[in-house]
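Beneath this line is the structure, given in structure tokens, with notes to follow.
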Amino acid sequence: MPTRTVAIGSSVGLHARPASLFTQAVAATGLDVTIAKSGQPAMDASSILMVMALGAGHGEEVTLEADGDGADAALDSLVELLARDLDAE
Amino acid sequence: MTAGTTAEAGVTAGTTLQGVGVGRGAVVGPVARVSSVPKPPADEKPPTDKDAAKSSVSAAFAAVATGLRERAAESSGTLSTVLSATALMAEDKALIKDILKRIDGGEPTLTAVDRSVEGFCDMFKSLGDYLAERVTDLRSVRGRVLARLMGQAEPEMPDLSVPSVIVAEDLAPADTAALDLAKVLAVVTELGGPTSHTAIIAGQHGIPCVVRVTGVMALEDGQQVAVDAAAGTIELDPSEATKQLFTDRSELLKSLEENTAPGATSDGHPVQLLANIGQVEDAKRAAKRANEGVGLFRTEVLFLDSKEAPPREGQAATYAEVLRAFEGRKVVVRTLDAGADKPLAFATQPDEENPALGVRGYRLGRITPSLMETQLGALADAQEATGIYPWVMAPMIATKAEAQAFADQARAVGIKTVGVMIEIPSAAVRAEQIVEVVDFVSIGTNDLAQYTMAADRLRGELADLLNPWQPAVLELVARVAAAGTRSGTPVGVCGESAADPLMALVLAGFGVSSLSMSPAAVATARYMLSKHTMDWCRALAAAALEADSADDARAAVVSRIDQKVRQLLAL
């Protein structure tokens, strides 16, 4: 199954605005995407509550996983999104 | 969440309700109620038709999300962002899935919604302060969904045609953002805490705020109330005398800001009045106000949200900027106090069961000694660059040996004035020995209360135990102050209790030589000290120490201070 690992680019970490932008982007892919911090169980990446509860801070690495048609391309775009400082934009 | 005190008639003129005040303002005005949040009945039965119950829950969440989205589209800026984010929560798949699973498992419908939301809230709360606002958002979604399922209107913000006192069970950021703050005279809530989002926003706008007021939802729209943030009281249908007093108080509060003298008792004993700061911006703002410098510079703010400790050069530049902002006034820097409720990506121990009792503050050096080395090096660089010498202290010191080790390390790099925080009971008990090896100490009353009373600072239910007026806490503070007085070592207090003007007198009476607080609280403390002699303060301190409870201690002091001052400050 395609996976990608990326460090969170947002200076405030993956909550508030960055989390809502990310989960919306996940939902838009139409795929089941999961997100996990290293060594922790994977969460539904389209759930803003789960993503915020992940508590991923700035610079922390998360791993995305998805399956299905276009999973690689979808993950590439999601990783690109997470690497940006969404809060500054 | 406590069971709501429902709107029973019988709240009459002259009645006073008690809560926890935020700020010192006082105001009289009409009530504007935010309708109360529905609760699932205690005797709710599981649905007979689970599928129907499940589809009604899904429909209610969808309708709430749509409503929030529509409001987001009609608004702009922060309000729009907050509403959109709240809408996302209302259509969260994980949340809805959990509720449906609970209904399948036999839980009653409304109870399932309630418990599931609370489960997510607990998860957020366990992650620390930074998700606290999301908890209120999520509960606000729950209130809307429950209202719909029970066939009621969703709780909405009142339309403010005249300046009003907002009365609500609790206010989510989305609710607060929807208020026209120019028309809000005061905010009163039944739940919430003094550090909740609502209280903070109110504070920033200088709006008097009282939280945790039991029974406040029984007030009626348009009813006149006198809200006193200093006393934490709501007086119903206030008298002319109260209205006049509130006007006098507003004038006094304005005049306090104009006094810029150094802190001293009325007979001239100096008590330094200092500011607590966390960032360079705070420092620049605080430096413009009347105070004698900084009593607590919380450096961990510079480290939050960083993957690695900031390099020495970057830290040194920041410290230099703060030192320059105060142009030679005293600046007390506290070294990194991370851990517990202030986790850091690079320093927090992930598997701690009891973070408040774990590797935090000075103890981080046991695992990552480079943090302290770099920070002290950066402080030395900053004093070299500016020619201004900061006072430097370490947090979470438990023993004399730790105090000695820190003092040696700091002096070795050229720090001239070295101190430690006294916030662990063991350090307070051994203060007399600790002051032998440092140049000053500073009492952190919040943590000292937490550790003395074994009560978590983040638990609102334990607020009474965390009260700094608790006899055991006062006794430890007095002990530390006495040790300082005997050895001629300056003893500061930098917890929130320094901002309590009554406590300021008691602390001065104990022999505390400096009080550090939020910059806005300095003016009232200065006024309070200037109205009492040092002997008077000592008598107040003795009276407080004799009391058997926190309430009695405070009451003993209230009854013994200058009564004109008491009336004007509403103490």
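Each chain in the structure tokens gets a letter, A, B, ..., in the order shown, and its residues are numbered from 1; ligands are numbered from 1 in order too.
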> Mind listing as a PyMOL selection string which residues of chain A are within 10 Å of chain B, counting only C-alpha atoms?
Replying inline: chain A and resi 7-8+10-13+15-17+19-21+23-24+43-50+52-60
>> Among region 56-277 of chain B, which residues does DSSP mark as strand (DSSP E) when it is run on the backbone? Keep the chain and numbering as in the structure and answer as a list in words.
In response: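 Put together, the selection reads Ser164, Val165, Ile166, Val167, Ala168, Val184, Leu185, Ala186, Val187, Val188, Thr189, Cys209, Val210, Val211, Gln224, Val225, Ala226, Val227, Asp228, Thr233, Ile234, Glu235, Leu236, Gln272, Leu273, Leu274, Ala275, Asn276 and Ile277 of chain B.
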>> What's around Asn467 (chain B) at 9 Å? Count only C-alpha atoms, leave out sequence neighbours fewer than 6 positions away in its own chain, and write the answer as an MDAnalysis selection string.
In response: chainID B and resid 446 449 473 497 550
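Comparing the minimum interatomic distances between Lys400 (chain B) and each of B:Ala338, B:Val435, B:Val162, B:Val512, counting only C-alpha atoms, we find that B:Val435 sits nearest.
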> Residues of chain A in helix (DSSP H, G or I) according to DSSP, as a ChimeraX atom specification?
Replying inline: /A:16-29,48-54,71-83,86-88
Store the residues picked out above, limited to C-alpha atoms, as a PDB file, in the first residue's frame.
```pdb
ATOM      1  CA  ALA A  16      -6.822  24.443  14.065  1.00  0.00           C
ATOM      2  CA  ARG A  17      -6.650  25.834  10.550  1.00  0.00           C
ATOM      3  CA  PRO A  18      -3.979  23.493   9.139  1.00  0.00           C
ATOM      4  CA  ALA A  19      -5.955  20.472  10.357  1.00  0.00           C
ATOM      5  CA  SER A  20      -9.160  21.672   8.741  1.00  0.00           C
ATOM      6  CA  LEU A  21      -7.419  22.398   5.415  1.00  0.00           C
ATOM      7  CA  PHE A  22      -5.762  18.995   5.498  1.00  0.00           C
ATOM      8  CA  THR A  23      -8.876  16.969   6.354  1.00  0.00           C
ATOM      9  CA  GLN A  24     -10.852  18.753   3.640  1.00  0.00           C
ATOM     10  CA  ALA A  25      -8.144  17.888   1.130  1.00  0.00           C
ATOM     11  CA  VAL A  26      -8.246  14.266   2.277  1.00  0.00           C
ATOM     12  CA  ALA A  27     -12.014  14.119   1.889  1.00  0.00           C
ATOM     13  CA  ALA A  28     -11.682  15.595  -1.603  1.00  0.00           C
ATOM     14  CA  THR A  29      -9.508  12.668  -2.719  1.00  0.00           C
ATOM     15  CA  ILE A  48     -10.662  16.618  11.910  1.00  0.00           C
ATOM     16  CA  LEU A  49     -11.170  15.380  15.460  1.00  0.00           C
ATOM     17  CA  MET A  50      -8.810  12.435  14.992  1.00  0.00           C
ATOM     18  CA  VAL A  51      -6.245  14.555  13.198  1.00  0.00           C
ATOM     19  CA  MET A  52      -6.257  17.178  15.950  1.00  0.00           C
ATOM     20  CA  ALA A  53      -6.144  14.482  18.618  1.00  0.00           C
ATOM     21  CA  LEU A  54      -2.984  13.212  16.948  1.00  0.00           C
ATOM     22  CA  ALA A  71      -3.467   6.765  -4.257  1.00  0.00           C
ATOM     23  CA  ASP A  72       0.118   7.709  -5.144  1.00  0.00           C
ATOM     24  CA  ALA A  73      -0.834  11.015  -6.729  1.00  0.00           C
ATOM     25  CA  ALA A  74      -3.248  11.816  -3.898  1.00  0.00           C
ATOM     26  CA  LEU A  75      -0.606  11.118  -1.258  1.00  0.00           C
ATOM     27  CA  ASP A  76       1.918  13.275  -3.118  1.00  0.00           C
ATOM     28  CA  SER A  77      -0.409  16.240  -3.045  1.00  0.00           C
ATOM     29  CA  LEU A  78      -1.342  15.703   0.618  1.00  0.00           C
ATOM     30  CA  VAL A  79       2.320  15.450   1.610  1.00  0.00           C
ATOM     31  CA  GLU A  80       3.049  18.652  -0.251  1.00  0.00           C
ATOM     32  CA  LEU A  81       0.214  20.317   1.703  1.00  0.00           C
ATOM     33  CA  LEU A  82       1.468  19.123   5.099  1.00  0.00           C
ATOM     34  CA  ALA A  83       5.003  20.273   4.395  1.00  0.00           C
ATOM     35  CA  LEU A  86      -0.455  26.391   6.277  1.00  0.00           C
ATOM     36  CA  ASP A  87      -0.956  28.725   9.168  1.00  0.00           C
ATOM     37  CA  ALA A  88       1.161  31.435   7.583  1.00  0.00           C
TER      38      ALA A  88
END
```
> CA of Val33 (chain A) and CA of Asp114 (chain B), how far apart in Å?
Replying inline: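 Rounded to one decimal, the two atoms are 27.5 Å apart.
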> What gap, in Å, lies between CA of Thr386 (chain B) and CA of Ala264 (chain B)?
Replying inline: 29.5 Å
>> Given only C-alpha atoms as the basis, pick out the residue of B:Ala182, B:Ala544, B:Ala498, B:Ala168 nearest to Ser559 (chain B).
In response: B:Ala544
>> Ranking A:Thr34, A:Leu64, A:Asp69, A:Leu14 by minimum distance to Asp85 (chain A) and counting only C-alpha atoms, which one comes first?
In response: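 Among the listed residues, the smallest separation from Asp85 (chain A) belongs to A:Leu14.
With only C-alpha atoms as the atoms that count, the minimum distance from Arg4 (chain A) to the choices A:Val62, A:Arg84, A:Gly30, A:Ser38 is reached by A:Val62.
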